Every structure is written in C-alpha cells, then in structure tokens.
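Raw contents of final34.txt, compact mmCIF, C-alpha atoms:
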# COMPACT_ATOMS: atom_id res chain seq x y z
CA MET A 1 10.58 -3.69 51.07
CA TYR A 2 8.49 -1.62 48.63
CA ARG A 3 8.32 1.33 51.02
CA PHE A 4 12.11 1.34 51.28
CA VAL A 5 12.44 1.25 47.47
CA PHE A 6 9.87 4.00 47.11
CA THR A 7 11.51 6.25 49.71
CA GLN A 8 15.09 5.70 48.64
CA VAL A 9 14.70 5.33 44.88
CA LEU A 10 11.35 5.97 43.22
CA SER A 11 10.59 9.19 45.09
CA ARG A 12 13.72 10.73 43.59
CA PHE A 13 12.35 10.48 40.06
CA ASP A 14 9.60 12.37 38.28
CA PRO A 15 6.29 10.62 39.14
CA GLU A 16 5.08 10.52 35.55
CA ASP A 17 8.33 8.92 34.39
CA VAL A 18 7.94 6.29 37.12
CA HIS A 19 4.36 5.73 36.01
CA HIS A 20 5.38 5.12 32.40
CA LEU A 21 8.08 2.66 33.48
CA THR A 22 5.52 0.86 35.65
CA VAL A 23 3.05 0.62 32.78
CA ARG A 24 5.75 -0.83 30.52
CA ALA A 25 6.64 -3.44 33.15
CA LEU A 26 2.98 -4.36 33.58
CA HIS A 27 2.61 -4.66 29.82
CA LEU A 28 5.44 -7.20 29.82
CA LEU A 29 3.57 -9.14 32.49
CA SER A 30 0.41 -8.98 30.38
CA VAL A 31 2.13 -10.49 27.34
CA THR A 32 3.90 -13.27 29.27
CA PRO A 33 1.18 -15.92 29.56
CA ALA A 34 2.79 -18.35 32.02
CA VAL A 35 3.89 -15.66 34.47
CA LYS A 36 0.58 -13.85 34.17
CA ARG A 37 -1.41 -16.98 35.00
CA LEU A 38 0.90 -17.83 37.91
CA VAL A 39 0.58 -14.35 39.41
CA HIS A 40 -3.19 -14.47 38.97
CA ARG A 41 -3.41 -17.82 40.78
CA ARG A 42 -1.39 -16.44 43.70
CA LEU A 43 -2.80 -12.94 44.08
CA ALA A 44 -6.30 -12.63 42.59
CA PRO A 45 -9.22 -12.82 45.08
CA ARG A 46 -10.57 -16.36 45.34
CA ASP A 47 -12.66 -16.42 48.52
CA PRO A 48 -16.31 -17.04 47.51
CA ALA A 49 -17.39 -14.73 50.37
CA LEU A 50 -15.77 -11.80 48.57
CA ARG A 51 -17.75 -12.25 45.38
CA VAL A 52 -20.29 -9.58 44.65
CA ARG A 53 -22.83 -9.04 41.88
CA ALA A 54 -23.51 -5.51 40.71
CA PHE A 55 -25.68 -4.39 37.77
CA GLY A 56 -25.71 -7.94 36.47
CA VAL A 57 -21.90 -8.32 36.50
CA HIS A 58 -20.06 -10.77 38.77
CA PHE A 59 -16.97 -9.39 40.53
CA PRO A 60 -14.45 -11.71 42.26
CA GLY A 61 -13.90 -9.08 44.96
CA PRO A 62 -15.30 -5.66 45.83
CA PHE A 63 -12.08 -3.65 45.53
CA GLY A 64 -11.05 -2.40 42.10
CA LEU A 65 -8.62 -0.05 40.40
CA ALA A 66 -10.01 3.43 39.77
CA ALA A 67 -9.73 5.16 36.42
CA GLY A 68 -6.60 7.20 35.81
CA PHE A 69 -3.90 4.56 36.06
CA ASP A 70 -4.55 2.50 32.93
CA LYS A 71 -5.47 5.23 30.48
CA ASP A 72 -5.22 3.12 27.31
CA ALA A 73 -6.38 -0.28 28.61
CA GLY A 74 -2.96 -1.88 28.30
CA CYS A 75 -2.68 -3.19 31.87
CA VAL A 76 -6.04 -4.85 32.44
CA GLU A 77 -4.75 -8.41 32.74
CA ALA A 78 -1.73 -7.43 34.84
CA MET A 79 -3.79 -5.44 37.35
CA SER A 80 -6.38 -8.20 37.60
CA ALA A 81 -3.58 -10.70 38.22
CA LEU A 82 -2.20 -8.48 40.99
CA GLY A 83 -5.46 -8.73 42.91
CA PHE A 84 -7.90 -6.05 41.76
CA GLY A 85 -11.48 -7.26 41.52
CA HIS A 86 -12.06 -5.01 38.53
CA VAL A 87 -10.10 -2.51 36.48
CA GLU A 88 -11.60 0.75 35.27
CA VAL A 89 -9.64 2.01 32.28
CA GLY A 90 -9.45 5.57 31.00
CA THR A 91 -10.43 8.26 30.98
CA ILE A 92 -10.72 7.67 27.22
CA THR A 93 -11.82 10.34 24.76
CA ALA A 94 -13.24 9.99 21.26
CA HIS A 95 -10.10 11.48 19.74
CA ALA A 96 -6.49 10.98 20.77
CA GLN A 97 -5.00 13.88 22.69
CA PRO A 98 -1.68 14.57 24.44
CA GLY A 99 -3.13 16.07 27.61
CA ASN A 100 -1.75 19.09 29.41
CA ALA A 101 1.87 20.23 29.44
CA ARG A 102 4.33 18.59 31.81
CA PRO A 103 4.97 18.61 34.70
CA ARG A 104 1.42 17.53 35.48
CA LEU A 105 1.68 14.85 38.17
CA PHE A 106 2.89 15.58 41.70
CA ARG A 107 3.33 13.57 44.89
CA VAL A 108 2.23 15.04 48.22
CA PRO A 109 3.66 12.35 50.53
CA ARG A 110 3.01 13.93 53.92
CA ALA A 111 -0.67 14.05 53.03
CA ARG A 112 -0.48 10.64 51.33
CA GLY A 113 -1.96 12.24 48.25
CA ILE A 114 -1.41 13.01 44.58
CA VAL A 115 -2.09 16.15 42.56
CA ASN A 116 -2.62 15.69 38.84
CA ARG A 117 -3.55 17.88 35.92
CA MET A 118 -3.03 15.24 33.25
CA GLY A 119 -5.88 16.38 31.03
CA PHE A 120 -7.17 13.05 29.69
CA ASN A 121 -3.98 12.12 27.82
CA ASN A 122 -4.85 8.98 25.83
CA ALA A 123 -4.64 7.39 22.40
CA GLY A 124 -8.36 7.69 21.69
CA ALA A 125 -11.40 5.42 21.67
CA GLY A 126 -10.45 3.57 18.51
CA ALA A 127 -7.05 2.55 19.87
CA ALA A 128 -8.55 1.47 23.20
CA ALA A 129 -11.19 -0.57 21.38
CA ARG A 130 -8.50 -2.47 19.49
CA VAL A 131 -6.74 -3.32 22.76
CA LEU A 132 -9.93 -4.35 24.56
CA SER A 133 -11.03 -6.59 21.70
CA ARG A 134 -8.00 -8.87 22.11
CA PRO A 135 -8.48 -12.24 23.85
CA ARG A 136 -7.46 -12.33 27.52
CA GLY A 137 -5.34 -14.97 29.22
CA VAL A 138 -6.77 -14.34 32.70
CA PRO A 139 -10.26 -13.29 33.81
CA ALA A 140 -10.84 -9.56 34.18
CA VAL A 141 -13.82 -7.33 34.86
CA VAL A 142 -13.33 -4.13 32.89
CA GLY A 143 -15.04 -0.80 33.27
CA VAL A 144 -14.49 1.87 30.62
CA ASN A 145 -14.46 5.51 31.70
CA ILE A 146 -15.15 8.03 28.91
CA GLY A 147 -14.72 11.80 28.87
CA LYS A 148 -14.91 14.81 26.57
CA THR A 149 -12.20 15.56 24.04
CA LYS A 150 -10.63 18.87 25.06
CA VAL A 151 -10.97 20.64 21.69
CA VAL A 152 -14.64 19.72 21.35
CA PRO A 153 -16.90 22.62 22.36
CA GLU A 154 -19.60 22.12 24.99
CA SER A 155 -22.27 22.35 22.28
CA GLU A 156 -20.87 19.16 20.69
CA ALA A 157 -20.11 17.29 23.91
CA VAL A 158 -23.03 14.87 23.62
CA GLN A 159 -21.94 13.62 20.20
CA ASP A 160 -18.34 13.34 21.41
CA TYR A 161 -19.36 11.05 24.28
CA VAL A 162 -21.66 9.08 21.97
CA THR A 163 -18.76 8.47 19.58
CA SER A 164 -16.71 6.97 22.42
CA ALA A 165 -19.65 4.95 23.68
CA ARG A 166 -20.27 3.39 20.27
CA GLU A 167 -16.65 2.25 20.09
CA LEU A 168 -16.27 1.06 23.67
CA ALA A 169 -19.62 0.08 25.21
CA PRO A 170 -19.74 -3.30 23.42
CA LEU A 171 -16.32 -4.16 24.89
CA ALA A 172 -16.97 -3.02 28.47
CA ASP A 173 -18.46 -4.83 31.45
CA TYR A 174 -19.73 -1.40 32.44
CA LEU A 175 -19.42 2.14 31.05
CA VAL A 176 -18.78 5.34 33.02
CA VAL A 177 -19.55 8.90 31.93
CA ASN A 178 -16.92 11.13 33.50
CA VAL A 179 -18.10 14.72 33.88
CA SER A 180 -16.11 15.45 37.02
CA SER A 181 -12.42 15.83 36.20
CA PRO A 182 -11.12 19.32 36.98
CA ASN A 183 -8.47 19.15 34.27
CA THR A 184 -10.55 19.60 31.10
CA PRO A 185 -11.89 23.17 30.82
CA GLY A 186 -15.67 23.32 31.20
CA LEU A 187 -16.08 19.59 31.86
CA ARG A 188 -17.50 19.97 35.35
CA ASP A 189 -20.14 22.34 33.99
CA LEU A 190 -21.72 19.25 32.43
CA GLN A 191 -22.71 18.11 35.94
CA ALA A 192 -25.50 20.70 35.87
CA VAL A 193 -28.66 18.61 35.54
CA GLU A 194 -29.99 20.52 32.53
CA LEU A 195 -26.78 19.66 30.62
CA LEU A 196 -26.25 16.24 32.14
CA ARG A 197 -29.70 14.86 31.30
CA PRO A 198 -29.37 14.90 27.47
CA LEU A 199 -25.78 13.67 27.69
CA LEU A 200 -26.60 10.66 29.87
CA ALA A 201 -29.76 9.90 27.90
CA ALA A 202 -27.82 9.80 24.62
CA VAL A 203 -25.03 7.59 26.00
CA LYS A 204 -27.56 5.31 27.67
CA GLU A 205 -29.29 4.76 24.34
CA VAL A 206 -25.98 3.48 22.95
CA ALA A 207 -25.21 1.34 26.01
CA ASP A 208 -28.70 -0.18 26.01
CA ALA A 209 -28.32 -1.19 22.35
CA THR A 210 -25.23 -3.36 22.87
CA PRO A 211 -25.79 -7.13 22.64
CA ARG A 212 -25.62 -7.60 26.43
CA ARG A 213 -26.86 -4.11 27.42
CA THR A 214 -23.83 -2.43 28.95
CA PRO A 215 -24.52 -0.99 32.42
CA LEU A 216 -24.06 2.79 32.62
CA LEU A 217 -22.77 4.82 35.56
CA VAL A 218 -21.89 8.48 36.06
CA LYS A 219 -18.86 9.72 38.00
CA ILE A 220 -19.30 12.87 40.09
CA ALA A 221 -17.03 15.36 41.81
CA PRO A 222 -16.60 15.72 45.57
CA ASP A 223 -16.89 19.49 45.20
CA LEU A 224 -20.59 19.45 44.31
CA ALA A 225 -22.95 21.10 46.78
CA ASP A 226 -25.11 18.61 48.65
CA ASP A 227 -28.22 19.75 46.77
CA ASP A 228 -26.45 19.06 43.48
CA VAL A 229 -25.48 15.58 44.66
CA ASP A 230 -29.15 14.96 45.40
CA ALA A 231 -30.18 16.31 42.00
CA ILE A 232 -27.80 13.99 40.15
CA ALA A 233 -28.96 11.05 42.24
CA ASP A 234 -32.56 11.84 41.31
CA LEU A 235 -31.59 12.19 37.65
CA ALA A 236 -29.80 8.83 37.68
CA LEU A 237 -32.93 7.19 39.05
CA ASP A 238 -35.16 8.97 36.57
CA LEU A 239 -33.04 7.91 33.59
CA GLY A 240 -32.61 4.35 34.80
CA LEU A 241 -28.84 4.48 35.20
CA ASP A 242 -27.17 1.54 36.90
CA GLY A 243 -25.04 3.43 39.37
CA ILE A 244 -22.98 6.40 40.52
CA ILE A 245 -19.24 6.55 41.17
CA ALA A 246 -18.35 8.97 43.96
CA THR A 247 -15.98 10.68 43.88
CA ASN A 248 -13.40 12.09 41.48
CA THR A 249 -10.49 14.31 42.55
CA THR A 250 -11.01 17.63 44.33
CA ILE A 251 -9.86 21.15 43.55
CA ARG A 252 -10.20 22.10 47.22
CA ARG A 253 -7.16 22.45 49.47
CA ASP A 254 -9.03 23.11 52.74
CA LEU A 255 -9.77 19.44 53.44
CA ASP A 256 -8.20 17.55 56.31
CA ALA A 257 -4.83 16.67 54.87
CA GLY A 258 -3.56 14.50 57.69
CA ARG A 259 -0.32 16.43 57.33
CA ALA A 260 2.43 16.80 59.88
CA GLY A 261 4.72 19.82 59.99
CA ARG A 262 5.09 22.06 56.96
CA PRO A 263 2.87 21.55 53.89
CA ASP A 264 3.98 19.30 51.07
CA GLU A 265 5.99 21.05 48.37
CA HIS A 266 3.35 20.48 45.70
CA TRP A 267 0.23 20.85 47.87
CA ASP A 268 -0.90 24.02 46.09
CA GLU A 269 -0.24 22.88 42.53
CA THR A 270 -3.16 23.40 40.16
CA GLY A 271 -5.07 20.19 39.46
CA GLY A 272 -7.13 17.50 41.11
CA LEU A 273 -6.08 16.28 44.54
CA SER A 274 -6.61 12.61 45.39
CA GLY A 275 -5.61 10.31 48.22
CA ARG A 276 -6.02 10.64 51.99
CA PRO A 277 -7.20 14.29 52.05
CA LEU A 278 -10.28 13.26 50.07
CA LYS A 279 -11.30 10.50 52.48
CA GLY A 280 -13.77 12.44 54.62
CA ARG A 281 -15.64 14.18 51.81
CA SER A 282 -15.83 11.04 49.68
CA LEU A 283 -17.43 9.17 52.57
CA GLU A 284 -19.87 12.04 53.16
CA VAL A 285 -21.00 11.94 49.53
CA LEU A 286 -21.40 8.16 49.67
CA ARG A 287 -23.59 8.39 52.76
CA ARG A 288 -25.68 11.13 51.21
CA LEU A 289 -26.21 9.12 48.05
CA ARG A 290 -27.16 6.02 50.00
CA ALA A 291 -29.70 8.00 52.02
CA ARG A 292 -31.13 9.37 48.77
CA VAL A 293 -31.27 6.25 46.60
CA GLY A 294 -31.07 3.32 49.02
CA ASP A 295 -30.22 0.16 47.11
CA ARG A 296 -31.93 1.26 43.90
CA LEU A 297 -28.57 2.21 42.38
CA THR A 298 -25.16 0.59 42.67
CA LEU A 299 -22.85 2.96 44.51
CA VAL A 300 -19.12 2.78 43.84
CA SER A 301 -17.01 4.63 46.42
CA VAL A 302 -13.59 6.04 45.58
CA GLY A 303 -11.45 8.72 47.18
CA GLY A 304 -9.02 8.37 50.07
CA VAL A 305 -9.19 4.59 50.22
CA GLU A 306 -5.94 3.30 51.71
CA ASP A 307 -6.54 -0.05 53.40
CA ALA A 308 -9.02 -2.78 54.25
CA ASP A 309 -10.49 -0.65 57.06
CA ASP A 310 -11.43 2.02 54.52
CA VAL A 311 -12.96 -0.52 52.14
CA TRP A 312 -14.91 -2.09 55.01
CA GLU A 313 -16.23 1.31 56.09
CA ARG A 314 -17.42 2.11 52.56
CA LEU A 315 -19.17 -1.25 52.26
CA LEU A 316 -20.96 -0.73 55.58
CA ALA A 317 -21.98 2.76 54.43
CA GLY A 318 -23.67 1.38 51.34
CA ALA A 319 -21.07 0.97 48.60
CA THR A 320 -21.33 -2.27 46.63
CA LEU A 321 -17.92 -1.69 45.05
CA VAL A 322 -14.91 0.33 46.21
CA GLN A 323 -12.01 1.68 44.15
CA GLY A 324 -8.57 3.11 44.80
CA TYR A 325 -5.48 4.29 43.00
CA SER A 326 -3.40 6.95 44.78
CA ALA A 327 -2.44 4.79 47.78
CA MET A 328 -0.96 2.18 45.44
CA ILE A 329 1.82 4.65 44.68
CA TYR A 330 2.79 4.56 48.36
CA GLU A 331 1.88 0.92 49.11
CA GLY A 332 3.14 -0.93 46.04
CA PRO A 333 1.92 -3.62 43.64
CA LEU A 334 0.60 -6.04 46.30
CA TRP A 335 -1.78 -3.45 47.72
CA ALA A 336 -5.03 -4.84 46.29
CA HIS A 337 -4.09 -8.42 47.19
CA ARG A 338 -3.49 -7.40 50.81
CA ILE A 339 -6.81 -5.57 50.99
CA HIS A 340 -8.79 -8.53 49.68
CA ARG A 341 -6.89 -10.93 51.95
CA GLU A 342 -7.73 -8.84 55.02
CA LEU A 343 -11.37 -8.47 53.96
CA SER A 344 -11.58 -12.24 53.60
CA ARG A 345 -10.20 -12.75 57.10
CA ARG A 346 -12.61 -10.19 58.50
CA LEU A 347 -15.59 -11.88 56.91
CA ARG A 348 -14.48 -15.27 58.23
CA ARG A 349 -14.03 -13.96 61.77
CA ARG A 350 -17.59 -12.65 61.66
CA GLY A 351 -19.02 -15.79 60.15
CA VAL A 352 -20.12 -13.91 57.03
CA THR A 353 -20.29 -16.04 53.90
CA ASP A 354 -21.88 -13.48 51.56
CA LEU A 355 -20.60 -9.93 51.17
CA ARG A 356 -24.14 -8.68 50.61
CA GLU A 357 -24.76 -9.23 54.32
CA VAL A 358 -22.54 -6.25 55.23
CA ILE A 359 -23.34 -3.77 52.47
CA GLY A 360 -25.23 -0.82 53.92
CA LEU A 361 -25.29 -2.09 57.52
CA THR A 362 -24.44 1.32 58.95
CA ALA A 363 -26.42 3.33 56.39
CA GLY A 364 -29.12 5.49 57.91
Could you express the structure from this file as structure tokens?
Amino acid sequence: MYRFVFTQVLSRFDPEDVHHLTVRALHLLSVTPAVKRLVHRRLAPRDPALRVRAFGVHFPGPFGLAAGFDKDAGCVEAMSALGFGHVEVGTITAHAQPGNARPRLFRVPRARGIVNRMGFNNAGAGAAARVLSRPRGVPAVVGVNIGKTKVVPESEAVQDYVTSARELAPLADYLVVNVSSPNTPGLRDLQAVELLRPLLAAVKEVADATPRRTPLLVKIAPDLADDDVDAIADLALDLGLDGIIATNTTIRRDLDAGRAGRPDEHWDETGGLSGRPLKGRSLEVLRRLRARVGDRLTLVSVGGVEDADDVWERLLAGATLVQGYSAMIYEGPLWAHRIHRELSRRLRRRGVTDLREVIGLTAG
C-alpha cells in the first residue's frame, strides 16, 4: 500500500515538503499518549534475542534511525514506537541556522537513493536540549549528533563543538561528533588527524564529565582513503573513544548505482548521496575498521542499508549497531518494524538466543 501511495502521490511533491509534513504527523503521534503507547506495544522490538549492549547502553534491537531525519529531536518517541531500536537526532549545531538554499533535497528513485545539501538546518543546541529534557511516554535510546555551525571559522571549531556538547551530552545516551557531512564548507577537513585529535579530545572531556559519562563516537565519510580510515581508527583507540559510525553520505557519483536505463534526473545534483549506491563502500569501510580495531570499539554501520539482509550482513561483518534512513522514504513507516521482525525470525531459525553470537562472525 505504501509503495502505491509513494509512487502515485508522494513522489509528485517536493521531497522536503513531504518531509516536513511527515515530521508534523509524527509530532502529533508523539504528543498523543494513548496512541503512542499502543503503537509502541505493536511495533517496537521485543524479542530478547535482539537486545544488544553497546558502550554500556542497552538497545532493544540493533537497527536504528540514522541522523538527518529528526534534526531537532521532535520525533524521538514516534520513531521508537515505529520500531527503531535507537534514534540518532541531528545534526545539531551550537547556534540555530537555516541551512542551504532550497531546493536542497532530491530523490533518485532508480538508484534507490537520496541527494541532499541541507547544510545542518536546525534550531540550535539550546532548543534541542529543551526538547530532550522533557519526560518521555515510551522508552527510547537517543543518540545526539553534533556538527559545526557554518559561520564559525575552522579556528573556532573546537569551541563550537564543545558548546553543543555541554548542552546536549548530559541528555544523550551517546554523543556523535560529525566531521563528515559534505554540505558545510570545510567540515570534512576536520577529519585530518592533526585537526581531529584536539577536537575529539575537547568534546570527550565534556562527555566524560557528565553524571553518567556519555559515550562518544565519531562519524566518518565514505570518501576517505583507506589509510585515513586506519588513521582515524588508531586515533579513536588512542583517545579512548567508544566507537565509530561509518559512513556518512558520499560526494562520489562513480559508485555502483544499481540503476536501470537512463540516469536519475537528480543524480548529478551537488550534495551528499545516500541510499543503495553507498552500500558497497560502506561495507568496505566497516570491514576495514573491524580488521583494524577488532572488538575494541563499537562499530555502527550506516549507508545503503535497505532490508534485513543488509542488517544481517553488517552484523556478521562486525557492526554492533546498524542504522538507516534513505530507504525509509521508499519503504514507508513500518520499515524498521519489518527489519527487526525478520531478524528475530532469522535468529530463531538458527537457534541463536543472543545477538552477540553473530556479531563479527565473517570478519577476517
């Protein structure tokens, strides 16, 4: 039914307008306690075999919502009720900013992908903190993804991230430093180890000082050279980070698109490409990280994840958690529930009662 509605109705409208309408609808779900609890009872993962513990946090299932959808933390309860094992909000910046000029979000349906150049549009860390501090009617594991305010020069980037961390780390189950979006000028330059080390060290000091010590992860780009992936992995170990999220969107257009016939209309738009074309490279980076760090860091795999087969493959390759976003646009609101349901069936067929038994089974 959803695919028919998407093809015949939603695809005819601007994708950002559809996104805003969706967020408003999810907000209504979030503020309707009885409906929210009912949906959560029906759709949230409940199989004990799916539960996983990462960096001291208990997750009801391994599959979560990647950053980018819930930019201002207004849909946490709704997305948890719909079946996501965790929700990563953001990217949030210290100061509110409008993002880049529209149009800035494009569907590439033949490739089952999305191109965006949103530019970290959000209401700022203070506004997000006020939302996250409200009591919740359903359980939710929340990651907070922070990035650099666009107008802040590189020389002041560390303090900008620290400002966000001070506001948000106490309210997060885990904190993510995003230095890998292609849509903020100069942001990816911060992935250079000599710039990344002082940034991560400063944010980690803030995260470590919260009452429960907030776990800290860094999110990297798929476009890094393999040697740079290794260098960031080594840095994460050296600094005592809790994990790495791999990967963000790509600026490349030479990846396997899985396209048929002529290219999608918006394939060559400027911005970060996500979805199916990113699948191969994201898996490559995950496997390289696992070979480098083993189980000393929690690895979170994101990029090109479409179904339970993809999640299963990432778990076997060494990811403890898996995230997705772009495929939800094509699959609909029950996407996460279906993935967790299929994972549960797969575990039962194999007689597996603890997800940890499969994590890293195919890792070299």
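The nearest approach to Ala192 of chain A among the residues A:Leu224, A:Ala96, A:Leu297, A:Ala66, with all atoms listed in the file taken into account, belongs to A:Leu224.
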Q) Between atom CA of Asp47 of chain A and atom CA of Ala25 of chain A, what is the distance, to one decimal in Å? A) 27.9 Å
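Atom CA of Ala336 of chain A sits 18.5 Å away from atom CA of Arg348 of chain A.
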Would you compute an axis-aligned box for segment 278-290 of chain A, covering every atom listed for it in the file with 4 Å of margin on each side, and report centre and edge lengths in Å to one decimal as lines of an AutoDock Vina configuration file?
center_x = -18.7
center_y = 10.1
center_z = 51.3
size_x = 24.9
size_y = 16.2
size_z = 14.6
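Atom pair atom CA of Ala101 of chain A / atom CA of Met118 of chain A: separated by 8.0 Å.
Ranking A:Asn178, A:Ser80, A:Gln8, A:Thr249 by their shortest atom-to-atom distance to Val39 of chain A, with all atoms listed in the file included, puts A:Ser80 first.
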Restrict the calculation to only C-alpha atoms, then for each residue of segment 50-116 of chain A with any atom at most 9 Å from an atom of segment 12-20 of chain A give the closest atom pair and their distance in Å to one decimal, rows by chain and rising residue number, as CSV.
residue,atom,partner,partner_atom,distance
A:Phe69,CA,A:His19,CA,8.3
A:Arg102,CA,A:Glu16,CA,8.9
A:Pro103,CA,A:Glu16,CA,8.1
A:Arg104,CA,A:Glu16,CA,7.9
A:Leu105,CA,A:Glu16,CA,6.1
A:Phe106,CA,A:Pro15,CA,6.5
A:Arg107,CA,A:Pro15,CA,7.1
Would you mind exporting C-alpha atoms of the selected residues as a PDB file, keeping the file's coordinate frame?
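Wrote it out as part-v6.pdb, contents follow:
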ATOM      1  CA  PHE A  69      -3.900   4.560  36.060  1.00  0.00           C
ATOM      2  CA  ARG A 102       4.330  18.590  31.810  1.00  0.00           C
ATOM      3  CA  PRO A 103       4.970  18.610  34.700  1.00  0.00           C
ATOM      4  CA  ARG A 104       1.420  17.530  35.480  1.00  0.00           C
ATOM      5  CA  LEU A 105       1.680  14.850  38.170  1.00  0.00           C
ATOM      6  CA  PHE A 106       2.890  15.580  41.700  1.00  0.00           C
ATOM      7  CA  ARG A 107       3.330  13.570  44.890  1.00  0.00           C
TER       8      ARG A 107
END
Q: For Leu255 of chain A, please output as a ChimeraX atom specification all residues within 12 Å (counting all atoms listed in the file; exclusion window: fewer than 6 positions along the same chain).
A: /A:111,113,222-223,267,273-282,304
(Q) With distances taken over only C-alpha atoms, which residue among A:Ala73, A:Ala201, A:Leu289, A:Leu43 lies nearest Val229 of chain A? (A) A:Leu289
Q | 12 Å contact set for Glu194 of chain A, all atoms listed in the file, chain neighbours under 6 positions out, as an MDAnalysis selection string | A | chainID A and resid 200:201 228 231:232 235
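Among the candidates A:Leu334, A:Leu239, A:Val203, A:Leu187, the one nearest to Arg166 of chain A when counting only C-alpha atoms is A:Val203.
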Generate a file for segment 143-166 of chain A, containing N, CA and C atoms, as a compact mmCIF listing (two decimals), in the first residue's frame.
# COMPACT_ATOMS: atom_id res chain seq x y z
N GLY A 143 20.68 8.94 20.49
CA GLY A 143 22.00 9.46 20.20
C GLY A 143 21.87 10.90 19.72
N VAL A 144 22.85 11.72 20.03
CA VAL A 144 22.83 13.12 19.60
C VAL A 144 24.06 13.37 18.73
N ASN A 145 23.81 13.80 17.51
CA ASN A 145 24.85 14.03 16.51
C ASN A 145 25.09 15.54 16.43
N ILE A 146 26.33 15.98 16.67
CA ILE A 146 26.63 17.41 16.68
C ILE A 146 27.62 17.76 15.56
N GLY A 147 27.44 18.96 15.02
CA GLY A 147 28.31 19.42 13.93
C GLY A 147 28.70 20.87 14.13
N LYS A 148 29.47 21.39 13.18
CA LYS A 148 29.98 22.76 13.26
C LYS A 148 28.98 23.75 12.68
N THR A 149 28.76 24.85 13.39
CA THR A 149 27.96 25.94 12.86
C THR A 149 28.66 26.52 11.63
N LYS A 150 27.91 26.76 10.57
CA LYS A 150 28.50 27.13 9.29
C LYS A 150 29.34 28.40 9.38
N VAL A 151 28.86 29.43 10.10
CA VAL A 151 29.55 30.72 10.12
C VAL A 151 30.78 30.71 11.02
N VAL A 152 30.96 29.65 11.80
CA VAL A 152 32.11 29.58 12.70
C VAL A 152 33.35 29.18 11.92
N PRO A 153 34.43 29.94 11.99
CA PRO A 153 35.64 29.58 11.25
C PRO A 153 36.29 28.33 11.82
N GLU A 154 37.11 27.68 11.00
CA GLU A 154 37.78 26.45 11.42
C GLU A 154 38.58 26.65 12.70
N SER A 155 39.16 27.83 12.87
CA SER A 155 39.98 28.10 14.04
C SER A 155 39.18 28.07 15.35
N GLU A 156 37.84 28.22 15.23
CA GLU A 156 36.98 28.22 16.43
C GLU A 156 36.09 26.98 16.48
N ALA A 157 36.38 26.00 15.64
CA ALA A 157 35.52 24.82 15.54
C ALA A 157 35.47 24.04 16.85
N VAL A 158 36.61 23.89 17.51
CA VAL A 158 36.63 23.10 18.75
C VAL A 158 35.67 23.68 19.77
N GLN A 159 35.73 24.99 19.99
CA GLN A 159 34.85 25.61 20.97
C GLN A 159 33.39 25.49 20.56
N ASP A 160 33.11 25.53 19.27
CA ASP A 160 31.75 25.41 18.77
C ASP A 160 31.18 24.03 19.11
N TYR A 161 31.96 22.99 18.86
CA TYR A 161 31.53 21.63 19.22
C TYR A 161 31.38 21.49 20.74
N VAL A 162 32.31 22.06 21.48
CA VAL A 162 32.25 21.97 22.94
C VAL A 162 30.97 22.62 23.47
N THR A 163 30.59 23.74 22.89
CA THR A 163 29.35 24.41 23.29
C THR A 163 28.15 23.48 23.13
N SER A 164 28.08 22.81 21.98
CA SER A 164 26.98 21.86 21.75
C SER A 164 27.05 20.70 22.73
N ALA A 165 28.26 20.19 22.94
CA ALA A 165 28.42 19.04 23.83
C ALA A 165 27.97 19.37 25.25
N ARG A 166 28.30 20.56 25.72
CA ARG A 166 27.89 20.94 27.09
C ARG A 166 26.38 20.97 27.23
